[in-house]
file model-v9.pdb (PDB, C-alpha atoms)
MODEL        1
ATOM      1  CA  MET M  21      99.142 117.610  94.453
ATOM      2  CA  SER M  22      98.159 121.210  94.691
ATOM      3  CA  THR M  23      99.422 123.020  97.745
ATOM      4  CA  THR M  24      96.196 124.922  98.228
ATOM      5  CA  GLY M  25      93.400 122.374  97.976
ATOM      6  CA  ALA M  26      92.095 120.403 100.939
ATOM      7  CA  THR M  27      92.270 117.080  99.124
ATOM      8  CA  ALA M  28      95.082 115.236  97.428
ATOM      9  CA  GLU M  29      95.327 116.049  93.736
ATOM     10  CA  PRO M  30      97.975 115.457  91.116
ATOM     11  CA  PRO M  31     100.068 118.517  90.264
ATOM     12  CA  PRO M  32      98.339 120.951  87.891
ATOM     13  CA  SER M  33     100.780 120.006  85.160
ATOM     14  CA  SER M  34      99.276 116.523  84.955
ATOM     15  CA  ARG M  35      95.548 117.201  85.216
ATOM     16  CA  THR M  36      94.972 117.639  81.506
ATOM     17  CA  SER M  37      97.467 115.028  80.417
ATOM     18  CA  SER M  38      96.651 111.826  78.571
ATOM     19  CA  HIS M  39      98.293 110.076  81.521
ATOM     20  CA  SER M  40      95.268 110.846  83.698
ATOM     21  CA  GLY M  41      95.413 107.416  85.338
ATOM     22  CA  ASP M  42      99.119 107.805  86.108
ATOM     23  CA  PRO M  43      99.869 111.415  87.063
ATOM     24  CA  LEU M  44     103.484 110.639  87.939
ATOM     25  CA  ALA M  45     104.095 109.395  84.405
ATOM     26  CA  ALA M  46     102.805 112.723  83.107
ATOM     27  CA  LEU M  47     105.481 114.519  85.091
ATOM     28  CA  GLY M  48     108.088 112.327  83.432
ATOM     29  CA  SER M  49     107.281 113.918  80.081
ATOM     30  CA  LEU M  50     107.690 117.541  81.207
ATOM     31  CA  PRO M  51     110.325 119.521  79.275
ATOM     32  CA  GLY M  52     113.816 118.657  80.471
ATOM     33  CA  VAL M  53     112.762 115.773  82.704
ATOM     34  CA  PRO M  54     113.604 112.935  80.267
ATOM     35  CA  GLU M  55     117.086 114.429  79.893
ATOM     36  CA  SER M  56     117.485 114.546  83.689
ATOM     37  CA  VAL M  57     116.342 110.936  83.969
ATOM     38  CA  GLU M  58     118.844 109.813  81.337
ATOM     39  CA  SER M  59     121.681 111.774  82.918
ATOM     40  CA  VAL M  60     120.943 110.190  86.298
ATOM     41  CA  ARG M  61     120.854 106.713  84.781
ATOM     42  CA  LYS M  62     124.268 107.202  83.207
ATOM     43  CA  ALA M  63     125.747 108.540  86.446
ATOM     44  CA  VAL M  64     124.395 105.590  88.442
ATOM     45  CA  ASP M  65     125.602 103.132  85.811
ATOM     46  CA  ARG M  66     129.126 104.530  86.115
ATOM     47  CA  VAL M  67     129.220 103.744  89.833
ATOM     48  CA  TYR M  68     127.798 100.254  89.436
ATOM     49  CA  GLY M  69     130.220  99.541  86.600
ATOM     50  CA  HIS M  70     133.289 100.398  88.675
ATOM     51  CA  ARG M  71     135.531  97.403  89.298
ATOM     52  CA  ILE M  72     135.619  98.116  93.062
ATOM     53  CA  MET M  73     131.834  97.629  93.240
ATOM     54  CA  ARG M  74     132.284  93.981  92.296
ATOM     55  CA  ARG M  75     134.533  93.326  95.292
ATOM     56  CA  ARG M  76     133.690  95.897  97.937
ATOM     57  CA  SER M  77     130.130  97.045  97.355
ATOM     58  CA  ASN M  78     129.299  96.714 101.063
ATOM     59  CA  ALA M  79     132.041  99.183 101.921
ATOM     60  CA  ILE M  80     130.729 101.631  99.324
ATOM     61  CA  THR M  81     127.197 101.268 100.686
ATOM     62  CA  SER M  82     128.363 101.941 104.245
ATOM     63  CA  GLU M  83     130.350 104.986 103.224
ATOM     64  CA  ALA M  84     127.450 106.307 101.141
ATOM     65  CA  ALA M  85     125.138 105.969 104.153
ATOM     66  CA  LEU M  86     127.529 107.960 106.327
ATOM     67  CA  ARG M  87     127.995 110.693 103.736
ATOM     68  CA  GLY M  88     124.284 110.800 102.976
ATOM     69  CA  ALA M  89     123.454 111.241 106.658
ATOM     70  CA  ARG M  90     125.995 114.048 106.929
ATOM     71  CA  GLY M  91     124.444 115.791 103.924
ATOM     72  CA  SER M  92     120.887 115.444 105.175
ATOM     73  CA  ALA M  93     121.858 116.758 108.610
ATOM     74  CA  ALA M  94     123.604 119.728 106.993
ATOM     75  CA  LEU M  95     120.382 120.693 105.221
ATOM     76  CA  SER M  96     118.612 120.542 108.583
ATOM     77  CA  GLY M  97     121.077 122.932 110.180
ATOM     78  CA  ALA M  98     123.806 120.625 111.511
ATOM     79  CA  ASP M  99     126.618 121.072 108.985
ATOM     80  CA  TRP M 100     129.370 118.931 110.478
ATOM     81  CA  ALA M 101     132.567 117.849 108.789
ATOM     82  CA  LEU M 102     132.463 114.252 107.599
ATOM     83  CA  GLU M 103     135.286 113.226 109.916
ATOM     84  CA  GLU M 104     133.413 114.658 112.887
ATOM     85  CA  VAL M 105     130.382 112.532 112.009
ATOM     86  CA  ARG M 106     132.653 109.519 111.604
ATOM     87  CA  ARG M 107     134.444 110.114 114.909
ATOM     88  CA  ARG M 108     131.527 110.868 117.205
ATOM     89  CA  THR M 109     129.693 108.197 119.186
ATOM     90  CA  ASP M 110     127.479 110.396 121.373
ATOM     91  CA  PHE M 111     124.757 112.290 119.539
ATOM     92  CA  SER M 112     122.728 113.491 122.508
ATOM     93  CA  GLY M 113     124.757 116.493 123.601
ATOM     94  CA  ASP M 114     123.000 119.385 121.857
ATOM     95  CA  ASP M 115     120.504 120.180 119.109
ATOM     96  CA  GLU M 116     123.004 119.763 116.264
ATOM     97  CA  ALA M 117     124.254 116.457 117.643
ATOM     98  CA  ARG M 118     120.692 115.186 117.885
ATOM     99  CA  VAL M 119     120.028 116.153 114.260
ATOM    100  CA  VAL M 120     123.129 114.263 113.104
ATOM    101  CA  GLY M 121     122.147 111.270 115.227
ATOM    102  CA  ALA M 122     118.647 111.290 113.732
ATOM    103  CA  ALA M 123     120.073 111.398 110.194
ATOM    104  CA  LEU M 124     122.361 108.459 110.929
ATOM    105  CA  ARG M 125     119.507 106.407 112.400
ATOM    106  CA  LEU M 126     117.321 107.118 109.377
ATOM    107  CA  GLY M 127     120.102 106.056 107.028
ATOM    108  CA  ALA M 128     120.369 102.735 108.838
ATOM    109  CA  GLU M 129     116.606 102.239 108.937
ATOM    110  CA  ALA M 130     115.706 103.061 105.335
ATOM    111  CA  GLY M 131     116.907  99.763 103.902
ATOM    112  CA  GLN M 132     114.838  97.802 106.418
ATOM    113  CA  LEU M 133     111.563  99.321 105.206
ATOM    114  CA  LEU M 134     111.683  98.565 101.498
ATOM    115  CA  SER M 135     109.276  95.625 101.623
ATOM    116  CA  ILE M 136     106.672  97.684 103.470
ATOM    117  CA  TRP M 137     106.888 100.850 101.382
ATOM    118  CA  ARG M 138     104.878  99.704  98.367
ATOM    119  CA  GLN M 139     102.116  98.216 100.544
ATOM    120  CA  SER M 140     101.910 100.838 103.290
ATOM    121  CA  PRO M 141     103.900 104.022 102.695
ATOM    122  CA  LEU M 142     102.129 105.850 105.530
ATOM    123  CA  ARG M 143     103.263 103.187 107.947
ATOM    124  CA  VAL M 144     106.831 103.656 106.733
ATOM    125  CA  LEU M 145     106.640 107.423 107.137
ATOM    126  CA  ALA M 146     105.363 106.997 110.698
ATOM    127  CA  ARG M 147     108.235 104.635 111.426
ATOM    128  CA  LEU M 148     110.766 107.067 109.971
ATOM    129  CA  HIS M 149     109.489 109.802 112.245
ATOM    130  CA  LEU M 150     109.690 107.525 115.265
ATOM    131  CA  VAL M 151     113.278 106.647 114.408
ATOM    132  CA  ALA M 152     114.252 110.271 113.810
ATOM    133  CA  ALA M 153     112.581 111.637 116.936
ATOM    134  CA  ALA M 154     113.728 108.783 119.198
ATOM    135  CA  SER M 155     110.925 109.671 121.589
ATOM    136  CA  ASP M 156     107.712 108.135 122.855
ATOM    137  CA  ALA M 157     105.920 111.495 123.035
ATOM    138  CA  ASP M 158     102.291 111.447 121.901
ATOM    139  CA  GLU M 159     102.928 113.509 118.761
ATOM    140  CA  VAL M 160     105.682 111.237 117.449
ATOM    141  CA  GLY M 161     104.933 108.788 114.650
ATOM    142  CA  ARG M 162     101.641 110.305 113.519
ATOM    143  CA  PRO M 163     100.584 113.281 111.369
ATOM    144  CA  ARG M 164     100.283 116.506 113.285
ATOM    145  CA  GLN M 165      96.943 117.795 114.449
ATOM    146  CA  ASP M 166      95.563 121.318 114.214
ATOM    147  CA  GLY M 167      97.250 123.624 116.678
ATOM    148  CA  GLU M 168     100.387 121.527 117.082
ATOM    149  CA  PRO M 169     103.558 123.505 116.319
ATOM    150  CA  VAL M 170     106.033 122.318 113.711
ATOM    151  CA  ASP M 171     109.751 122.570 114.414
ATOM    152  CA  GLU M 172     111.171 123.021 110.894
ATOM    153  CA  PRO M 173     112.750 126.491 110.982
ATOM    154  CA  LEU M 174     114.670 126.226 107.721
ATOM    155  CA  ILE M 175     111.532 125.830 105.601
ATOM    156  CA  GLU M 176     109.375 128.928 105.743
ATOM    157  CA  LEU M 177     106.585 127.956 103.354
ATOM    158  CA  PRO M 178     102.994 128.353 104.520
ATOM    159  CA  LEU M 179     102.005 125.374 106.633
ATOM    160  CA  PRO M 180      99.031 123.367 105.308
ATOM    161  CA  ALA M 181      96.225 122.660 107.770
ATOM    162  CA  ALA M 182      95.959 119.208 109.327
ATOM    163  CA  ASP M 183      92.975 118.148 107.194
ATOM    164  CA  GLU M 184      94.848 119.064 104.015
ATOM    165  CA  VAL M 185      97.880 117.148 105.242
ATOM    166  CA  SER M 186      95.744 114.075 105.878
ATOM    167  CA  GLY M 187      94.116 114.206 102.455
ATOM    168  CA  ARG M 188      97.315 114.748 100.560
ATOM    169  CA  LEU M 189      99.184 112.052 102.464
ATOM    170  CA  GLU M 190      96.418 109.629 101.571
ATOM    171  CA  GLY M 191      96.643 110.702  97.938
ATOM    172  CA  LEU M 192     100.405 110.223  97.924
ATOM    173  CA  SER M 193      99.994 106.816  99.518
ATOM    174  CA  GLN M 194      97.502 105.768  96.851
ATOM    175  CA  LEU M 195      99.886 106.810  94.095
ATOM    176  CA  ILE M 196     102.690 104.717  95.600
ATOM    177  CA  ILE M 197     100.505 101.670  96.160
ATOM    178  CA  ALA M 198      98.997 101.866  92.666
ATOM    179  CA  GLY M 199     102.448 102.025  91.110
ATOM    180  CA  SER M 200     103.520 104.098  88.147
ATOM    181  CA  SER M 201     105.382 103.836  84.897
ATOM    182  CA  ALA M 202     107.202 107.039  85.849
ATOM    183  CA  PRO M 203     110.986 106.890  86.193
ATOM    184  CA  ALA M 204     112.267 106.389  89.725
ATOM    185  CA  LEU M 205     113.701 109.909  89.788
ATOM    186  CA  VAL M 206     110.242 111.411  89.210
ATOM    187  CA  THR M 207     108.573 109.359  91.935
ATOM    188  CA  ALA M 208     111.391 110.048  94.394
ATOM    189  CA  ALA M 209     111.263 113.790  93.691
ATOM    190  CA  VAL M 210     107.499 113.948  94.180
ATOM    191  CA  VAL M 211     107.645 112.014  97.460
ATOM    192  CA  HIS M 212     110.452 114.275  98.677
ATOM    193  CA  GLY M 213     108.777 117.504  97.569
ATOM    194  CA  GLU M 214     105.353 116.612  98.887
ATOM    195  CA  LEU M 215     106.659 115.752 102.342
ATOM    196  CA  LEU M 216     108.617 119.010 102.517
ATOM    197  CA  ALA M 217     105.582 120.985 101.380
ATOM    198  CA  LEU M 218     103.266 119.292 103.890
ATOM    199  CA  ARG M 219     105.620 118.955 106.861
ATOM    200  CA  PRO M 220     103.220 116.312 108.207
ATOM    201  CA  PHE M 221     105.035 115.757 111.507
ATOM    202  CA  THR M 222     105.819 118.089 114.376
ATOM    203  CA  SER M 223     109.577 117.705 113.792
ATOM    204  CA  HIS M 224     112.273 116.164 111.558
ATOM    205  CA  ASN M 225     110.254 116.573 108.342
ATOM    206  CA  GLY M 226     113.264 117.385 106.178
ATOM    207  CA  LEU M 227     115.184 114.360 107.409
ATOM    208  CA  VAL M 228     112.152 112.122 106.872
ATOM    209  CA  ALA M 229     111.514 113.522 103.385
ATOM    210  CA  ARG M 230     115.084 112.824 102.278
ATOM    211  CA  ALA M 231     114.996 109.326 103.795
ATOM    212  CA  ALA M 232     111.781 108.624 101.888
ATOM    213  CA  GLU M 233     113.425 109.815  98.672
ATOM    214  CA  ARG M 234     116.239 107.327  99.370
ATOM    215  CA  ILE M 235     113.745 104.494  99.910
ATOM    216  CA  VAL M 236     112.160 105.175  96.513
ATOM    217  CA  LEU M 237     115.527 105.256  94.749
ATOM    218  CA  ILE M 238     116.591 101.961  96.343
ATOM    219  CA  GLY M 239     113.272 100.158  96.038
ATOM    220  CA  SER M 240     112.763 101.162  92.415
ATOM    221  CA  GLY M 241     115.928  99.339  91.400
ATOM    222  CA  LEU M 242     117.654 102.512  90.239
ATOM    223  CA  ASP M 243     120.106 102.338  93.140
ATOM    224  CA  PRO M 244     119.498  98.945  94.781
ATOM    225  CA  LYS M 245     122.747  98.944  96.777
ATOM    226  CA  SER M 246     122.162 102.527  97.987
ATOM    227  CA  VAL M 247     125.487 103.855  96.752
ATOM    228  CA  CYS M 248     124.279 107.117  95.157
ATOM    229  CA  PRO M 249     123.260 109.283  98.135
ATOM    230  CA  ALA M 250     121.120 112.145  96.857
ATOM    231  CA  GLU M 251     121.494 113.821 100.251
ATOM    232  CA  VAL M 252     125.158 114.448  99.437
ATOM    233  CA  GLY M 253     124.147 116.252  96.275
ATOM    234  CA  HIS M 254     121.387 118.253  97.911
ATOM    235  CA  ALA M 255     123.879 119.505 100.492
ATOM    236  CA  GLU M 256     126.514 120.262  97.847
ATOM    237  CA  LEU M 257     124.038 122.261  95.771
ATOM    238  CA  GLY M 258     123.279 124.278  98.891
ATOM    239  CA  ARG M 259     120.317 125.189 101.021
ATOM    240  CA  ALA M 260     119.399 128.272  98.977
ATOM    241  CA  ALA M 261     119.140 126.262  95.746
ATOM    242  CA  TYR M 262     117.241 123.521  97.596
ATOM    243  CA  LEU M 263     114.639 125.958  98.889
ATOM    244  CA  ALA M 264     114.362 127.743  95.537
ATOM    245  CA  ALA M 265     113.731 124.430  93.771
ATOM    246  CA  LEU M 266     111.177 123.497  96.435
ATOM    247  CA  ASP M 267     109.338 126.748  95.686
ATOM    248  CA  GLY M 268     109.000 125.451  92.137
ATOM    249  CA  TYR M 269     107.456 122.212  93.374
ATOM    250  CA  VAL M 270     105.025 124.067  95.614
ATOM    251  CA  SER M 271     103.986 126.331  92.726
ATOM    252  CA  GLY M 272     102.567 123.287  90.944
ATOM    253  CA  THR M 273     103.415 124.775  87.542
ATOM    254  CA  PRO M 274     104.940 122.563  84.846
ATOM    255  CA  GLU M 275     108.103 124.675  84.881
ATOM    256  CA  GLY M 276     108.356 124.577  88.669
ATOM    257  CA  MET M 277     107.750 120.846  88.885
ATOM    258  CA  ALA M 278     110.294 120.154  86.140
ATOM    259  CA  ALA M 279     112.868 122.347  87.885
ATOM    260  CA  TRP M 280     112.381 120.470  91.188
ATOM    261  CA  ILE M 281     112.744 117.090  89.479
ATOM    262  CA  ALA M 282     115.867 118.293  87.676
ATOM    263  CA  HIS M 283     117.284 119.559  90.966
ATOM    264  CA  CYS M 284     116.708 116.160  92.576
ATOM    265  CA  GLY M 285     118.299 114.514  89.559
ATOM    266  CA  ARG M 286     121.392 116.654  89.860
ATOM    267  CA  ALA M 287     121.583 115.713  93.547
ATOM    268  CA  VAL M 288     121.574 112.003  92.668
ATOM    269  CA  GLU M 289     124.287 112.599  90.061
ATOM    270  CA  LEU M 290     126.452 114.354  92.643
ATOM    271  CA  GLY M 291     125.859 111.506  95.079
ATOM    272  CA  ALA M 292     126.952 109.077  92.390
ATOM    273  CA  ARG M 293     130.043 111.176  91.737
ATOM    274  CA  GLU M 294     130.872 111.082  95.452
ATOM    275  CA  SER M 295     130.719 107.296  95.540
ATOM    276  CA  THR M 296     132.738 107.041  92.344
ATOM    277  CA  ALA M 297     135.439 109.047  94.116
ATOM    278  CA  VAL M 298     135.239 106.649  97.074
ATOM    279  CA  CYS M 299     135.667 103.727  94.652
ATOM    280  CA  GLU M 300     138.711 105.415  93.137
ATOM    281  CA  ALA M 301     140.213 105.987  96.589
ATOM    282  CA  LEU M 302     139.668 102.353  97.554
ATOM    283  CA  GLN M 303     141.254 101.263  94.292
ATOM    284  CA  ARG M 304     144.325 103.343  95.104
ATOM    285  CA  GLY M 305     144.381 101.990  98.644
ATOM    286  CA  ALA M 306     143.851 105.473 100.023
ATOM    287  CA  ALA M 307     140.594 104.846 101.854
TER
ENDMDL
END

call {"tool": "encode", "arguments": {"input": "model-v9.pdb", "output": "structure tokens"}}
result
Amino acid sequence: MSTTGATAEPPPSSRTSSHSGDPLAALGSLPGVPESVESVRKAVDRVYGHRIMRRRSNAITSEAALRGARGSAALSGADWALEEVRRRTDFSGDDEARVVGAALRLGAEAGQLLSIWRQSPLRVLARLHLVAAASDADEVGRPRQDGEPVDEPLIELPLPAADEVSGRLEGLSQLIIAGSSAPALVTAAVVHGELLALRPFTSHNGLVARAAERIVLIGSGLDPKSVCPAEVGHAELGRAAYLAALDGYVSGTPEGMAAWIAHCGRAVELGARESTAVCEALQRGAA
């Protein structure tokens, strides 16, 4: 998935690999990635093994959704305190409120789209944009066309042309539909990174990219109850680190791709740590 070509291609790191039929699997063997995958698995296992998960998993899932939405909104410029997100009921007042509202809607919607994702990922992405934008404007729910502006001020990477976006989205879709032996973390990181690099919609691309990452993590079986919100970790690691890691993805180099995957892995681990803390609080009767 080069960021310069007009057609969808696997990242340069995978083009000469023996995994030529499964480019995502090739990424899973990059230096440091297997260690990230194993570290994520252990972190997720710790949450699922907590005694509270056996009795109150729905409560943990709900809290993870709220905290994940807060984290995703923070990365899109609306860095509200968790209690403010919890307290508010009106999210139409200003730009920040609308961002938080969009993140909350996406968190609620992601779990409803799992059955469609593997058959029609482009349909899911269109739906995510519709949910985030909450508008019936012509440009909502479809890839942008040449000349249409993109409202994504926090990501300053060069914007691919519409024909490149179309080709690379189709390539990403084909990879998802074909399936891969790659670990869930690798697939989720590539989906996330590619959508940020492309910014295929006229707005809300960051929110949509992080929601798509969540769908992959849930649907893969790594986090089936959605209790390890990577968005929490991405926000905790900070916007500067997020954008620096994204630069690595866009570079297409083996080192850059591995660094982006590791960054996404650390975000999942931090999300798992957050939910473990929620489990501990529930066990103490403090939440």

call {"tool": "closest_residue", "arguments": {"input": "model-v9.pdb", "among": "M:Ile197, M:Ile80, M:Met277, M:Ala301", "to": "Gln139 (chain M)", "atoms": "all atoms listed in the file"}}
result
M:Ile197

call {"tool": "closest_residue", "arguments": {"input": "model-v9.pdb", "among": "M:Leu150, M:Val270, M:Ala297, M:Leu95", "to": "Leu177 (chain M)", "atoms": "only C-alpha atoms"}}
result
M:Val270

call {"tool": "resolve_selection", "arguments": {"input": "model-v9.pdb", "expression": "the PyMOL selection byres ((chain M and resi 130) around 12)", "output": "number ranges by chain"}}
result
M: 85, 88-89, 123-129, 131-137, 144-145, 147-149, 151-152, 227-239, 244-246

call {"tool": "closest_residue", "arguments": {"input": "model-v9.pdb", "among": "M:Arg286, M:Ala255, M:Val57, M:Gly199", "to": "Trp100 (chain M)", "atoms": "all atoms listed in the file"}}
result
M:Ala255

call {"tool": "closest_residue", "arguments": {"input": "model-v9.pdb", "among": "M:Thr207, M:Ser240, M:Thr222, M:Ser200", "to": "Gly285 (chain M)", "atoms": "all atoms listed in the file"}}
result
M:Thr207

call {"tool": "atom_distance", "arguments": {"input": "model-v9.pdb", "atom1": "CA of Arg108 (chain M)", "atom2": "CA of Leu290 (chain M)"}}
result
25.3 Å

call {"tool": "resolve_selection", "arguments": {"input": "model-v9.pdb", "expression": "the PyMOL selection byres ((chain M and resi 67-78) around 12)", "output": "count of residues only"}}
result
41

call {"tool": "decode", "arguments": {"input": "model-v9.pdb", "residues": "region 224-252 of chain M", "atoms": "N, CA and C atoms", "output": "CSV table (one decimal), in the first residue's frame"}}
result
chain,number,residue,atom,x,y,z
M,224,HIS,N,-14.2,13.6,9.3
M,224,HIS,CA,-14.3,12.5,10.3
M,224,HIS,C,-13.4,11.3,10.0
M,225,ASN,N,-12.3,11.5,9.2
M,225,ASN,CA,-11.5,10.3,8.8
M,225,ASN,C,-10.8,9.7,10.0
M,226,GLY,N,-10.3,10.5,10.9
M,226,GLY,CA,-9.6,9.9,12.1
M,226,GLY,C,-10.6,9.1,12.9
M,227,LEU,N,-11.7,9.6,13.2
M,227,LEU,CA,-12.7,8.9,14.0
M,227,LEU,C,-13.1,7.6,13.3
M,228,VAL,N,-13.3,7.6,11.9
M,228,VAL,CA,-13.7,6.4,11.2
M,228,VAL,C,-12.5,5.4,11.2
M,229,ALA,N,-11.3,5.9,11.0
M,229,ALA,CA,-10.2,5.0,11.0
M,229,ALA,C,-10.0,4.2,12.3
M,230,ARG,N,-10.2,4.9,13.4
M,230,ARG,CA,-10.1,4.3,14.8
M,230,ARG,C,-11.3,3.3,15.0
M,231,ALA,N,-12.5,3.7,14.5
M,231,ALA,CA,-13.6,2.8,14.6
M,231,ALA,C,-13.4,1.5,13.8
M,232,ALA,N,-12.8,1.6,12.6
M,232,ALA,CA,-12.5,0.5,11.8
M,232,ALA,C,-11.4,-0.4,12.5
M,233,GLU,N,-10.4,0.2,13.1
M,233,GLU,CA,-9.5,-0.6,13.9
M,233,GLU,C,-10.2,-1.4,14.9
M,234,ARG,N,-11.1,-0.8,15.6
M,234,ARG,CA,-11.9,-1.5,16.7
M,234,ARG,C,-12.7,-2.7,16.1
M,235,ILE,N,-13.3,-2.5,14.9
M,235,ILE,CA,-14.1,-3.5,14.3
M,235,ILE,C,-13.2,-4.7,14.0
M,236,VAL,N,-12.0,-4.5,13.5
M,236,VAL,CA,-11.0,-5.6,13.2
M,236,VAL,C,-10.7,-6.3,14.5
M,237,LEU,N,-10.4,-5.6,15.6
M,237,LEU,CA,-10.0,-6.2,16.8
M,237,LEU,C,-11.1,-7.1,17.4
M,238,ILE,N,-12.3,-6.6,17.3
M,238,ILE,CA,-13.5,-7.4,17.8
M,238,ILE,C,-13.7,-8.6,16.9
M,239,GLY,N,-13.8,-8.3,15.6
M,239,GLY,CA,-14.2,-9.4,14.7
M,239,GLY,C,-13.2,-10.5,14.6
M,240,SER,N,-12.0,-10.2,14.8
M,240,SER,CA,-10.9,-11.2,14.7
M,240,SER,C,-11.0,-12.2,15.8
M,241,GLY,N,-11.7,-11.8,16.9
M,241,GLY,CA,-11.7,-12.7,18.1
M,241,GLY,C,-10.6,-12.3,19.1
M,242,LEU,N,-9.8,-11.3,18.8
M,242,LEU,CA,-8.8,-10.9,19.8
M,242,LEU,C,-9.5,-10.3,21.0
M,243,ASP,N,-10.4,-9.4,20.7
M,243,ASP,CA,-11.2,-8.7,21.8
M,243,ASP,C,-12.7,-8.8,21.5
M,244,PRO,N,-13.3,-10.0,21.6
M,244,PRO,CA,-14.6,-10.1,21.1
M,244,PRO,C,-15.7,-9.4,21.9
M,245,LYS,N,-15.4,-9.1,23.2
M,245,LYS,CA,-16.3,-8.3,24.0
M,245,LYS,C,-16.0,-6.8,24.0
M,246,SER,N,-15.0,-6.4,23.2
M,246,SER,CA,-14.7,-5.0,23.0
M,246,SER,C,-14.4,-4.3,24.4
M,247,VAL,N,-13.5,-4.9,25.1
M,247,VAL,CA,-13.1,-4.4,26.4
M,247,VAL,C,-11.7,-3.8,26.5
M,248,CYS,N,-11.0,-3.8,25.3
M,248,CYS,CA,-9.6,-3.3,25.3
M,248,CYS,C,-9.5,-2.1,24.3
M,249,PRO,N,-10.1,-1.0,24.6
M,249,PRO,CA,-10.2,0.1,23.7
M,249,PRO,C,-8.8,0.8,23.3
M,250,ALA,N,-8.4,0.5,22.1
M,250,ALA,CA,-7.1,1.0,21.6
M,250,ALA,C,-7.2,2.5,21.6
M,251,GLU,N,-8.3,3.1,21.4
M,251,GLU,CA,-8.4,4.6,21.3
M,251,GLU,C,-7.9,5.2,22.6
M,252,VAL,N,-8.2,4.5,23.8
M,252,VAL,CA,-7.7,5.0,25.0
M,252,VAL,C,-6.2,5.1,25.0
